[in-house]
$ cat coords-v4.txt   # compact mmCIF, C-alpha atoms
# COMPACT_ATOMS: atom_id res chain seq x y z
CA MET A 1 86.32 165.40 82.44
CA THR A 2 88.49 167.24 79.98
CA LEU A 3 90.71 165.02 77.89
CA LYS A 4 94.33 165.78 78.64
CA PRO A 5 97.68 164.01 78.76
CA ASP A 6 98.61 162.00 81.82
CA PHE A 7 101.69 163.96 82.93
CA ALA A 8 101.91 161.95 86.16
CA LYS A 9 102.73 158.83 84.14
CA TYR A 10 106.29 160.08 83.62
CA PRO A 11 108.66 160.64 86.57
CA ASN A 12 109.76 163.95 84.98
CA GLY A 13 106.26 164.93 83.81
CA LEU A 14 107.38 165.06 80.17
CA VAL A 15 104.95 163.74 77.58
CA PRO A 16 106.39 162.76 74.18
CA THR A 17 104.76 164.77 71.42
CA ILE A 18 104.89 163.96 67.72
CA VAL A 19 104.65 166.93 65.34
CA VAL A 20 103.07 166.28 61.93
CA ASP A 21 102.67 168.64 58.97
CA ASP A 22 98.92 169.01 58.60
CA GLN A 23 99.11 169.43 54.82
CA THR A 24 101.51 166.64 53.90
CA ASN A 25 101.09 164.26 56.87
CA GLN A 26 104.91 164.15 57.17
CA VAL A 27 106.31 163.56 60.66
CA LEU A 28 108.46 166.62 61.34
CA MET A 29 109.91 166.01 64.80
CA MET A 30 109.35 164.61 68.27
CA ALA A 31 109.73 166.66 71.41
CA TYR A 32 108.44 166.76 74.98
CA VAL A 33 105.78 168.86 76.66
CA ASN A 34 105.34 169.43 80.36
CA GLU A 35 102.14 170.89 81.81
CA GLU A 36 103.30 174.48 81.34
CA SER A 37 104.40 174.12 77.71
CA TYR A 38 101.24 172.16 76.95
CA ALA A 39 99.10 174.96 78.37
CA ARG A 40 101.05 177.56 76.41
CA SER A 41 100.70 175.52 73.20
CA LEU A 42 96.92 175.34 73.57
CA ALA A 43 96.60 179.00 74.55
CA SER A 44 98.86 180.39 71.80
CA LYS A 45 98.09 177.77 69.12
CA GLN A 46 101.81 177.52 68.49
CA THR A 47 104.09 174.72 69.65
CA TRP A 48 105.86 175.06 72.99
CA PHE A 49 108.02 172.28 74.43
CA TRP A 50 110.31 171.56 77.33
CA SER A 51 113.93 171.57 76.22
CA ARG A 52 115.68 168.73 78.04
CA SER A 53 119.14 169.97 76.99
CA ARG A 54 118.56 173.55 78.08
CA GLN A 55 116.12 172.68 80.88
CA GLU A 56 113.76 175.48 79.93
CA LEU A 57 110.49 176.23 78.20
CA TRP A 58 111.02 176.34 74.46
CA HIS A 59 108.80 178.25 72.06
CA LYS A 60 109.62 176.48 68.81
CA GLY A 61 110.77 179.06 66.26
CA ALA A 62 111.27 181.90 68.77
CA THR A 63 114.90 182.19 67.61
CA SER A 64 114.79 180.68 64.10
CA GLY A 65 111.44 182.09 63.04
CA ASN A 66 110.31 178.57 62.18
CA THR A 67 107.22 178.57 64.36
CA GLN A 68 104.52 175.92 64.04
CA ASP A 69 100.85 176.92 64.05
CA ILE A 70 98.74 174.24 65.68
CA VAL A 71 95.78 173.00 63.65
CA ALA A 72 94.79 170.05 65.82
CA VAL A 73 95.92 168.18 68.91
CA GLN A 74 95.43 164.42 69.10
CA ILE A 75 96.02 162.04 71.99
CA ASP A 76 96.64 158.32 72.00
CA CYS A 77 94.60 155.53 73.54
CA ASP A 78 96.43 155.45 76.87
CA GLU A 79 96.81 159.22 77.03
CA ASP A 80 100.57 159.27 77.37
CA THR A 81 101.54 160.50 73.91
CA LEU A 82 100.43 163.60 72.02
CA LEU A 83 100.35 164.52 68.36
CA PHE A 84 100.34 168.13 67.17
CA ARG A 85 99.12 168.72 63.60
CA VAL A 86 100.73 171.97 62.45
CA ASN A 87 101.31 174.41 59.64
CA PRO A 88 105.06 175.08 59.88
CA ALA A 89 106.56 178.48 58.99
CA GLY A 90 109.80 176.76 57.94
CA PRO A 91 111.91 173.65 58.44
CA ALA A 92 111.40 171.78 61.73
CA CYS A 93 115.02 170.65 62.00
CA HIS A 94 117.91 172.79 63.18
CA THR A 95 119.92 171.28 60.28
CA GLY A 96 117.60 172.99 57.81
CA HIS A 97 115.80 169.80 56.80
CA THR A 98 112.01 169.90 56.64
CA SER A 99 111.87 166.97 59.06
CA CYS A 100 114.29 165.82 61.75
CA PHE A 101 113.85 162.29 60.36
CA TYR A 102 115.92 162.89 57.22
CA ARG A 103 118.13 159.80 57.52
CA SER A 104 117.34 156.15 56.95
CA ILE A 105 118.99 153.22 58.62
CA GLU A 106 120.08 150.64 56.10
CA LEU A 107 118.19 147.37 56.22
CA ASP A 108 119.75 144.12 55.03
CA MET B 1 130.25 153.85 62.06
CA THR B 2 126.84 152.33 61.65
CA LEU B 3 123.98 154.72 62.26
CA LYS B 4 121.99 153.56 65.27
CA PRO B 5 119.92 155.02 68.09
CA ASP B 6 121.66 156.37 71.16
CA PHE B 7 120.22 154.01 73.78
CA ALA B 8 122.57 155.40 76.44
CA LYS B 9 120.78 158.75 76.25
CA TYR B 10 117.89 157.35 78.26
CA PRO B 11 118.35 156.09 81.83
CA ASN B 12 116.21 153.05 81.00
CA GLY B 13 117.65 152.56 77.51
CA LEU B 14 114.25 152.97 75.89
CA VAL B 15 114.12 154.92 72.63
CA PRO B 16 110.74 156.37 71.60
CA THR B 17 109.69 155.00 68.22
CA ILE B 18 106.97 156.44 66.00
CA VAL B 19 105.17 153.99 63.73
CA VAL B 20 103.83 155.34 60.43
CA ASP B 21 101.77 153.59 57.76
CA ASP B 22 104.05 153.58 54.72
CA GLN B 23 101.12 153.83 52.28
CA THR B 24 99.04 156.55 53.90
CA ASN B 25 101.66 158.37 56.00
CA GLN B 26 99.29 158.12 58.99
CA VAL B 27 100.92 157.98 62.42
CA LEU B 28 99.70 154.69 63.89
CA MET B 29 101.28 154.56 67.36
CA MET B 30 104.28 155.38 69.49
CA ALA B 31 106.14 152.78 71.51
CA TYR B 32 109.61 152.14 72.91
CA VAL B 33 112.48 149.98 71.72
CA ASN B 34 115.44 148.81 73.76
CA GLU B 35 118.55 147.37 72.14
CA GLU B 36 117.14 143.85 72.04
CA SER B 37 113.77 144.77 70.49
CA TYR B 38 115.53 147.08 68.03
CA ALA B 39 117.81 144.23 66.93
CA ARG B 40 114.85 141.87 66.60
CA SER B 41 112.93 144.47 64.55
CA LEU B 42 115.79 144.85 62.09
CA ALA B 43 116.42 141.13 61.87
CA SER B 44 112.78 140.08 61.44
CA LYS B 45 111.57 143.18 59.55
CA GLN B 46 108.58 143.25 61.88
CA THR B 47 108.08 145.63 64.81
CA TRP B 48 109.28 144.56 68.24
CA PHE B 49 109.06 146.88 71.26
CA TRP B 50 109.67 146.88 74.99
CA SER B 51 106.40 146.80 76.88
CA ARG B 52 106.73 149.14 79.85
CA SER B 53 103.53 147.84 81.46
CA ARG B 54 104.43 144.16 81.13
CA GLN B 55 108.20 144.70 81.36
CA GLU B 56 108.90 142.31 78.52
CA LEU B 57 109.81 142.13 74.87
CA TRP B 58 106.73 142.65 72.75
CA HIS B 59 106.35 141.38 69.21
CA LYS B 60 103.56 143.61 67.96
CA GLY B 61 100.73 141.46 66.65
CA ALA B 62 101.97 138.18 68.16
CA THR B 63 98.65 137.84 69.99
CA SER B 64 96.27 139.94 67.85
CA GLY B 65 97.68 138.99 64.46
CA ASN B 66 98.11 142.68 63.68
CA THR B 67 101.81 142.54 62.88
CA GLN B 68 103.61 145.40 61.19
CA ASP B 69 106.06 144.71 58.35
CA ILE B 70 108.90 147.20 58.37
CA VAL B 71 109.54 149.00 55.08
CA ALA B 72 112.03 151.60 56.32
CA VAL B 73 113.65 152.80 59.54
CA GLN B 74 114.41 156.49 59.99
CA ILE B 75 116.28 158.27 62.75
CA ASP B 76 116.13 161.87 63.86
CA CYS B 77 118.89 164.49 63.89
CA ASP B 78 120.06 163.84 67.44
CA GLU B 79 119.62 160.08 67.15
CA ASP B 80 117.30 159.69 70.11
CA THR B 81 114.02 159.01 68.29
CA LEU B 82 113.16 156.40 65.68
CA LEU B 83 110.49 156.13 63.03
CA PHE B 84 109.36 152.80 61.60
CA ARG B 85 107.56 152.95 58.25
CA VAL B 86 105.36 149.86 58.07
CA ASN B 87 102.75 147.90 56.20
CA PRO B 88 100.31 146.91 58.96
CA ALA B 89 98.38 143.63 58.84
CA GLY B 90 95.53 145.26 60.80
CA PRO B 91 94.69 148.06 63.24
CA ALA B 92 97.57 149.33 65.38
CA CYS B 93 95.40 150.12 68.39
CA HIS B 94 94.10 147.60 70.91
CA THR B 95 90.74 149.45 70.70
CA GLY B 96 90.41 148.38 67.07
CA HIS B 97 91.14 151.83 65.66
CA THR B 98 93.61 152.03 62.78
CA SER B 99 95.69 154.49 64.80
CA CYS B 100 96.09 154.96 68.55
CA PHE B 101 95.65 158.71 67.92
CA TYR B 102 91.91 158.51 67.25
CA ARG B 103 90.83 161.30 69.59
CA SER B 104 91.26 165.06 69.27
CA ILE B 105 91.56 167.51 72.11
CA GLU B 106 89.17 170.42 71.68
CA LEU B 107 90.82 173.76 70.97
CA ASP B 108 89.12 177.04 71.88

$ encode --input "coords-v4.txt" --output "structure tokens"
Amino acid sequence: MTLKPDFAKYPNGLVPTIVVDDQTNQVLMMAYVNEESYARSLASKQTWFWSRSRQELWHKGATSGNTQDIVAVQIDCDEDTLLFRVNPAGPACHTGHTSCFYRSIELD
Amino acid sequence: MTLKPDFAKYPNGLVPTIVVDDQTNQVLMMAYVNEESYARSLASKQTWFWSRSRQELWHKGATSGNTQDIVAVQIDCDEDTLLFRVNPAGPACHTGHTSCFYRSIELD
């Protein structure tokens, strides 16, 4: 059987997907794939997600130019989370930061 | 206002949280925090999650000994995903692998 994410595990069929820079190992963002965007990601070797705010398929970088070429796809032990290793054409974050995780929460 | 995750964004109040090894940058796992496990994580500086399968608070490593000491907490641009940078006492995965993402999906 082909290894693939368990979309049925989520009521909305959206599988959380971590995006990591393949060169630096930095976590760039987290987004969601449904079956269609997952299939498009594998076929095109660029990241496609499901935009929850816009409720539509989202080819990352289609507007900004900051596409992400997929180098590898990894899946976790219980097959409900994905990890895309990518070479990004530009910043992942709409704020212009390399990573969406550009802020730290202060610890005591 | 203190920077904190937007728990209200999710119907079940569970915020996806990526766990990264602070030394190697490797993504170890992804799990969910609710307000209570988030508060316990910050207070104890060890990772606490909400176990969806057991429907209970989950102190990572309480049974296995593989606790994760929190070095830093990061939050993404729209404040609906967290990232814990940790020093792990042992493997993150219940299979014994360092990371839960130990399998790759074959690309054409």

$ residues_around --input "coords-v4.txt" --residues "A:Asp76" --least-positions-apart "6" --cutoff "7 Å" --atoms "all atoms listed in the file" --output "PDB file with C-alpha atoms, in the frame of the given file"
ATOM      1  CA  LEU A  82     100.430 163.600  72.020  1.00  0.00           C
TER       2      LEU A  82
ATOM      3  CA  CYS B 100      96.090 154.960  68.550  1.00  0.00           C
ATOM      4  CA  PHE B 101      95.650 158.710  67.920  1.00  0.00           C
ATOM      5  CA  TYR B 102      91.910 158.510  67.250  1.00  0.00           C
ATOM      6  CA  ARG B 103      90.830 161.300  69.590  1.00  0.00           C
TER       7      ARG B 103
END

$ calpha_fit_and_write --input "coords-v4.txt" --fixed "chain A" --moving "chain B" --output "mmCIF file with C-alpha atoms, in the frame of the given file"
data_model
loop_
_atom_site.group_PDB
_atom_site.id
_atom_site.type_symbol
_atom_site.label_atom_id
_atom_site.label_comp_id
_atom_site.auth_asym_id
_atom_site.auth_seq_id
_atom_site.Cartn_x
_atom_site.Cartn_y
_atom_site.Cartn_z
ATOM 1 C CA MET B 1 86.331 165.412 82.469
ATOM 2 C CA THR B 2 88.479 167.240 79.988
ATOM 3 C CA LEU B 3 90.691 165.009 77.893
ATOM 4 C CA LYS B 4 94.326 165.770 78.651
ATOM 5 C CA PRO B 5 97.676 163.999 78.761
ATOM 6 C CA ASP B 6 98.615 161.998 81.825
ATOM 7 C CA PHE B 7 101.683 163.962 82.936
ATOM 8 C CA ALA B 8 101.904 161.946 86.163
ATOM 9 C CA LYS B 9 102.731 158.832 84.144
ATOM 10 C CA TYR B 10 106.272 160.074 83.627
ATOM 11 C CA PRO B 11 108.649 160.644 86.554
ATOM 12 C CA ASN B 12 109.740 163.940 84.986
ATOM 13 C CA GLY B 13 106.259 164.925 83.802
ATOM 14 C CA LEU B 14 107.372 165.073 80.183
ATOM 15 C CA VAL B 15 104.942 163.745 77.579
ATOM 16 C CA PRO B 16 106.390 162.766 74.183
ATOM 17 C CA THR B 17 104.756 164.789 71.418
ATOM 18 C CA ILE B 18 104.890 163.979 67.714
ATOM 19 C CA VAL B 19 104.658 166.923 65.332
ATOM 20 C CA VAL B 20 103.071 166.285 61.928
ATOM 21 C CA ASP B 21 102.672 168.634 58.969
ATOM 22 C CA ASP B 22 98.907 169.004 58.608
ATOM 23 C CA GLN B 23 99.116 169.416 54.815
ATOM 24 C CA THR B 24 101.504 166.623 53.899
ATOM 25 C CA ASN B 25 101.101 164.263 56.874
ATOM 26 C CA GLN B 26 104.911 164.164 57.182
ATOM 27 C CA VAL B 27 106.301 163.569 60.669
ATOM 28 C CA LEU B 28 108.455 166.632 61.340
ATOM 29 C CA MET B 29 109.907 166.024 64.815
ATOM 30 C CA MET B 30 109.344 164.611 68.264
ATOM 31 C CA ALA B 31 109.741 166.661 71.417
ATOM 32 C CA TYR B 32 108.439 166.773 74.980
ATOM 33 C CA VAL B 33 105.780 168.880 76.657
ATOM 34 C CA ASN B 34 105.332 169.438 80.369
ATOM 35 C CA GLU B 35 102.142 170.897 81.808
ATOM 36 C CA GLU B 36 103.302 174.477 81.340
ATOM 37 C CA SER B 37 104.406 174.110 77.700
ATOM 38 C CA TYR B 38 101.240 172.141 76.936
ATOM 39 C CA ALA B 39 99.103 174.955 78.367
ATOM 40 C CA ARG B 40 101.066 177.559 76.414
ATOM 41 C CA SER B 41 100.687 175.518 73.198
ATOM 42 C CA LEU B 42 96.918 175.358 73.576
ATOM 43 C CA ALA B 43 96.614 178.998 74.545
ATOM 44 C CA SER B 44 98.867 180.387 71.801
ATOM 45 C CA LYS B 45 98.082 177.773 69.119
ATOM 46 C CA GLN B 46 101.811 177.524 68.481
ATOM 47 C CA THR B 47 104.098 174.710 69.642
ATOM 48 C CA TRP B 48 105.853 175.061 72.981
ATOM 49 C CA PHE B 49 108.020 172.268 74.416
ATOM 50 C CA TRP B 50 110.313 171.562 77.336
ATOM 51 C CA SER B 51 113.925 171.560 76.229
ATOM 52 C CA ARG B 52 115.678 168.714 78.027
ATOM 53 C CA SER B 53 119.133 169.953 77.001
ATOM 54 C CA ARG B 54 118.561 173.553 78.087
ATOM 55 C CA GLN B 55 116.113 172.690 80.883
ATOM 56 C CA GLU B 56 113.755 175.483 79.928
ATOM 57 C CA LEU B 57 110.496 176.233 78.198
ATOM 58 C CA TRP B 58 111.018 176.336 74.461
ATOM 59 C CA HIS B 59 108.803 178.237 72.059
ATOM 60 C CA LYS B 60 109.628 176.486 68.807
ATOM 61 C CA GLY B 61 110.774 179.046 66.262
ATOM 62 C CA ALA B 62 111.277 181.902 68.745
ATOM 63 C CA THR B 63 114.899 182.170 67.609
ATOM 64 C CA SER B 64 114.808 180.671 64.087
ATOM 65 C CA GLY B 65 111.455 182.093 63.029
ATOM 66 C CA ASN B 66 110.311 178.577 62.170
ATOM 67 C CA THR B 67 107.214 178.569 64.352
ATOM 68 C CA GLN B 68 104.538 175.921 64.032
ATOM 69 C CA ASP B 69 100.854 176.910 64.048
ATOM 70 C CA ILE B 70 98.738 174.243 65.684
ATOM 71 C CA VAL B 71 95.773 173.009 63.646
ATOM 72 C CA ALA B 72 94.774 170.045 65.819
ATOM 73 C CA VAL B 73 95.915 168.174 68.921
ATOM 74 C CA GLN B 74 95.439 164.415 69.119
ATOM 75 C CA ILE B 75 96.031 162.036 71.996
ATOM 76 C CA ASP B 76 96.663 158.319 71.987
ATOM 77 C CA CYS B 77 94.599 155.529 73.549
ATOM 78 C CA ASP B 78 96.430 155.449 76.871
ATOM 79 C CA GLU B 79 96.809 159.224 77.024
ATOM 80 C CA ASP B 80 100.573 159.263 77.373
ATOM 81 C CA THR B 81 101.543 160.506 73.901
ATOM 82 C CA LEU B 82 100.434 163.595 72.005
ATOM 83 C CA LEU B 83 100.352 164.535 68.354
ATOM 84 C CA PHE B 84 100.341 168.142 67.172
ATOM 85 C CA ARG B 85 99.124 168.726 63.614
ATOM 86 C CA VAL B 86 100.733 171.961 62.442
ATOM 87 C CA ASN B 87 101.307 174.416 59.651
ATOM 88 C CA PRO B 88 105.054 175.089 59.886
ATOM 89 C CA ALA B 89 106.537 178.479 58.985
ATOM 90 C CA GLY B 90 109.782 176.754 57.927
ATOM 91 C CA PRO B 91 111.913 173.641 58.442
ATOM 92 C CA ALA B 92 111.404 171.793 61.730
ATOM 93 C CA CYS B 93 115.012 170.655 62.013
ATOM 94 C CA HIS B 94 117.924 172.783 63.187
ATOM 95 C CA THR B 95 119.923 171.265 60.279
ATOM 96 C CA GLY B 96 117.593 172.982 57.819
ATOM 97 C CA HIS B 97 115.805 169.789 56.803
ATOM 98 C CA THR B 98 112.011 169.910 56.649
ATOM 99 C CA SER B 99 111.869 166.978 59.067
ATOM 100 C CA CYS B 100 114.285 165.824 61.764
ATOM 101 C CA PHE B 101 113.839 162.290 60.363
ATOM 102 C CA TYR B 102 115.921 162.894 57.236
ATOM 103 C CA ARG B 103 118.144 159.827 57.512
ATOM 104 C CA SER B 104 117.329 156.161 56.946
ATOM 105 C CA ILE B 105 119.000 153.232 58.617
ATOM 106 C CA GLU B 106 120.095 150.637 56.080
ATOM 107 C CA LEU B 107 118.196 147.358 56.216
ATOM 108 C CA ASP B 108 119.766 144.110 55.005
#

$ residues_around --input "coords-v4.txt" --residues "stretch 85-94 of chain A" --least-positions-apart "4" --cutoff "6 Å" --atoms "all atoms listed in the file" --output "list in words"
Val20, Asp21, Asp22, Leu28, Asn66, Thr67, Gln68, Asp69, Ile70, Val71, Ala72, Thr98, Ser99 and Cys100 of chain A

$ axis_aligned_box --input "coords-v4.txt" --around "stretch 98-106 of chain B" --padding-each-side "5 Å" --output "lines of an AutoDock Vina configuration file"
center_x = 92.6
center_y = 161.2
center_z = 67.4
size_x = 16.9
size_y = 28.4
size_z = 19.3

$ residues_around --input "coords-v4.txt" --residues "B:Ser104" --least-positions-apart "3" --cutoff "9 Å" --atoms "all atoms listed in the file" --output "JSON list (two decimals) with C-alpha atoms, in the frame of the given file"
[["chain", "number", "residue", "atom", "x", "y", "z"],
["A", 3, "LEU", "CA", 90.71, 165.02, 77.89],
["A", 72, "ALA", "CA", 94.79, 170.05, 65.82],
["A", 73, "VAL", "CA", 95.92, 168.18, 68.91],
["A", 74, "GLN", "CA", 95.43, 164.42, 69.10],
["A", 75, "ILE", "CA", 96.02, 162.04, 71.99],
["B", 101, "PHE", "CA", 95.65, 158.71, 67.92],
["B", 107, "LEU", "CA", 90.82, 173.76, 70.97]]

$ atom_distance --input "coords-v4.txt" --atom1 "atom CA of A:Gln23" --atom2 "atom CA of A:His97"
16.8 Å

$ atom_distance --input "coords-v4.txt" --atom1 "atom CA of B:Asp78" --atom2 "atom CA of B:Lys9"
10.2 Å

$ closest_residue --input "coords-v4.txt" --among "A:Trp58, A:Phe84, A:Arg52, A:Ile105" --to "A:Met29" --atoms "only C-alpha atoms"
A:Phe84

$ closest_residue --input "coords-v4.txt" --among "B:Ser53, B:Tyr10, B:Val15, B:Gln26" --to "B:Tyr38" --atoms "only C-alpha atoms"
B:Val15

$ closest_residue --input "coords-v4.txt" --among "A:Thr63, A:Asn12, A:Thr81, A:Ser37" --to "chain B" --atoms "all atoms listed in the file"
A:Thr81

$ residues_around --input "coords-v4.txt" --residues "B:Trp50" --least-positions-apart "3" --cutoff "12 Å" --atoms "only C-alpha atoms" --output "list in words"
Asn12, Gly13, Leu14, Val15, Pro16, Thr17, Met30, Ala31, Tyr32, Val33, Asn34, Glu35, Glu36, Ser37, Tyr38, Ala39, Arg40, Ser41, Thr47, Ser53, Arg54, Gln55, Glu56, Leu57, Trp58, His59 and Lys60 of chain B

$ closest_residue --input "coords-v4.txt" --among "A:Thr95, A:Ser51, A:Gln46, A:Ser64" --to "chain B" --atoms "only C-alpha atoms"
A:Thr95

$ atom_distance --input "coords-v4.txt" --atom1 "atom CA of A:Ala8" --atom2 "atom CA of A:Phe49"
16.8 Å

$ closest_residue --input "coords-v4.txt" --among "B:Cys77, B:Gly61, B:Gly96, B:Thr2" --to "chain A" --atoms "only C-alpha atoms"
B:Cys77

$ closest_residue --input "coords-v4.txt" --among "A:Ile18, A:Asp6, A:Trp48, A:Ala62" --to "chain B" --atoms "all atoms listed in the file"
A:Ile18

$ build_atoms --input "coords-v4.txt" --residues "stretch 78-106 of chain B" --atoms "N, CA and C atoms" --output "PDB file, in the coordinates of the input"
ATOM      1  N   ASP B  78     119.206 164.092  66.279  1.00  0.00           N
ATOM      2  CA  ASP B  78     120.060 163.840  67.440  1.00  0.00           C
ATOM      3  C   ASP B  78     120.047 162.368  67.884  1.00  0.00           C
ATOM      4  N   GLU B  79     119.523 161.544  67.021  1.00  0.00           N
ATOM      5  CA  GLU B  79     119.620 160.080  67.150  1.00  0.00           C
ATOM      6  C   GLU B  79     119.013 159.530  68.444  1.00  0.00           C
ATOM      7  N   ASP B  80     117.967 160.208  68.912  1.00  0.00           N
ATOM      8  CA  ASP B  80     117.300 159.690  70.110  1.00  0.00           C
ATOM      9  C   ASP B  80     115.821 159.386  69.890  1.00  0.00           C
ATOM     10  N   THR B  81     115.391 159.409  68.617  1.00  0.00           N
ATOM     11  CA  THR B  81     114.020 159.010  68.290  1.00  0.00           C
ATOM     12  C   THR B  81     114.042 158.261  66.961  1.00  0.00           C
ATOM     13  N   LEU B  82     113.241 157.198  66.904  1.00  0.00           N
ATOM     14  CA  LEU B  82     113.160 156.400  65.680  1.00  0.00           C
ATOM     15  C   LEU B  82     111.787 156.524  65.037  1.00  0.00           C
ATOM     16  N   LEU B  83     111.750 156.174  63.768  1.00  0.00           N
ATOM     17  CA  LEU B  83     110.490 156.130  63.030  1.00  0.00           C
ATOM     18  C   LEU B  83     110.503 154.863  62.177  1.00  0.00           C
ATOM     19  N   PHE B  84     109.513 154.012  62.413  1.00  0.00           N
ATOM     20  CA  PHE B  84     109.360 152.800  61.600  1.00  0.00           C
ATOM     21  C   PHE B  84     108.266 153.077  60.565  1.00  0.00           C
ATOM     22  N   ARG B  85     108.595 152.910  59.292  1.00  0.00           N
ATOM     23  CA  ARG B  85     107.560 152.950  58.250  1.00  0.00           C
ATOM     24  C   ARG B  85     107.137 151.507  57.992  1.00  0.00           C
ATOM     25  N   VAL B  86     105.823 151.250  58.092  1.00  0.00           N
ATOM     26  CA  VAL B  86     105.360 149.860  58.070  1.00  0.00           C
ATOM     27  C   VAL B  86     104.174 149.623  57.135  1.00  0.00           C
ATOM     28  N   ASN B  87     104.002 148.371  56.772  1.00  0.00           N
ATOM     29  CA  ASN B  87     102.750 147.900  56.200  1.00  0.00           C
ATOM     30  C   ASN B  87     102.060 147.085  57.276  1.00  0.00           C
ATOM     31  N   PRO B  88     100.970 147.604  57.847  1.00  0.00           N
ATOM     32  CA  PRO B  88     100.310 146.910  58.960  1.00  0.00           C
ATOM     33  C   PRO B  88      99.349 145.832  58.468  1.00  0.00           C
ATOM     34  N   ALA B  89      99.297 144.719  59.192  1.00  0.00           N
ATOM     35  CA  ALA B  89      98.380 143.630  58.840  1.00  0.00           C
ATOM     36  C   ALA B  89      96.968 143.901  59.360  1.00  0.00           C
ATOM     37  N   GLY B  90      96.832 144.920  60.221  1.00  0.00           N
ATOM     38  CA  GLY B  90      95.530 145.260  60.800  1.00  0.00           C
ATOM     39  C   GLY B  90      95.676 146.512  61.631  1.00  0.00           C
ATOM     40  N   PRO B  91      94.661 146.850  62.418  1.00  0.00           N
ATOM     41  CA  PRO B  91      94.690 148.060  63.240  1.00  0.00           C
ATOM     42  C   PRO B  91      95.885 148.052  64.205  1.00  0.00           C
ATOM     43  N   ALA B  92      96.454 149.231  64.436  1.00  0.00           N
ATOM     44  CA  ALA B  92      97.570 149.330  65.380  1.00  0.00           C
ATOM     45  C   ALA B  92      97.066 149.350  66.819  1.00  0.00           C
ATOM     46  N   CYS B  93      95.871 149.874  67.021  1.00  0.00           N
ATOM     47  CA  CYS B  93      95.400 150.120  68.390  1.00  0.00           C
ATOM     48  C   CYS B  93      94.621 148.941  68.952  1.00  0.00           C
ATOM     49  N   HIS B  94      94.807 148.703  70.256  1.00  0.00           N
ATOM     50  CA  HIS B  94      94.100 147.600  70.910  1.00  0.00           C
ATOM     51  C   HIS B  94      92.594 147.846  70.977  1.00  0.00           C
ATOM     52  N   THR B  95      92.175 149.118  70.714  1.00  0.00           N
ATOM     53  CA  THR B  95      90.740 149.450  70.700  1.00  0.00           C
ATOM     54  C   THR B  95      90.090 149.066  69.368  1.00  0.00           C
ATOM     55  N   GLY B  96      90.928 148.709  68.386  1.00  0.00           N
ATOM     56  CA  GLY B  96      90.410 148.380  67.070  1.00  0.00           C
ATOM     57  C   GLY B  96      90.515 149.523  66.075  1.00  0.00           C
ATOM     58  N   HIS B  97      90.924 150.698  66.567  1.00  0.00           N
ATOM     59  CA  HIS B  97      91.140 151.830  65.660  1.00  0.00           C
ATOM     60  C   HIS B  97      92.431 151.606  64.857  1.00  0.00           C
ATOM     61  N   THR B  98      92.428 152.122  63.644  1.00  0.00           N
ATOM     62  CA  THR B  98      93.610 152.030  62.780  1.00  0.00           C
ATOM     63  C   THR B  98      94.824 152.617  63.475  1.00  0.00           C
ATOM     64  N   SER B  99      94.616 153.782  64.109  1.00  0.00           N
ATOM     65  CA  SER B  99      95.690 154.490  64.800  1.00  0.00           C
ATOM     66  C   SER B  99      95.318 154.666  66.268  1.00  0.00           C
ATOM     67  N   CYS B 100      96.343 154.666  67.135  1.00  0.00           N
ATOM     68  CA  CYS B 100      96.090 154.960  68.550  1.00  0.00           C
ATOM     69  C   CYS B 100      95.675 156.418  68.772  1.00  0.00           C
ATOM     70  N   PHE B 101      95.972 157.269  67.799  1.00  0.00           N
ATOM     71  CA  PHE B 101      95.650 158.710  67.920  1.00  0.00           C
ATOM     72  C   PHE B 101      94.285 158.982  67.295  1.00  0.00           C
ATOM     73  N   TYR B 102      93.240 158.414  67.853  1.00  0.00           N
ATOM     74  CA  TYR B 102      91.910 158.510  67.250  1.00  0.00           C
ATOM     75  C   TYR B 102      91.047 159.575  67.912  1.00  0.00           C
ATOM     76  N   ARG B 103      91.600 160.262  68.919  1.00  0.00           N
ATOM     77  CA  ARG B 103      90.830 161.300  69.590  1.00  0.00           C
ATOM     78  C   ARG B 103      91.526 162.660  69.490  1.00  0.00           C
ATOM     79  N   SER B 104      90.726 163.698  69.313  1.00  0.00           N
ATOM     80  CA  SER B 104      91.260 165.060  69.270  1.00  0.00           C
ATOM     81  C   SER B 104      90.910 165.782  70.561  1.00  0.00           C
ATOM     82  N   ILE B 105      91.810 166.655  70.970  1.00  0.00           N
ATOM     83  CA  ILE B 105      91.560 167.510  72.110  1.00  0.00           C
ATOM     84  C   ILE B 105      90.978 168.817  71.581  1.00  0.00           C
ATOM     85  N   GLU B 106      89.863 169.232  72.181  1.00  0.00           N
ATOM     86  CA  GLU B 106      89.170 170.420  71.680  1.00  0.00           C
ATOM     87  C   GLU B 106      90.018 171.668  71.912  1.00  0.00           C
TER      88      GLU B 106
END
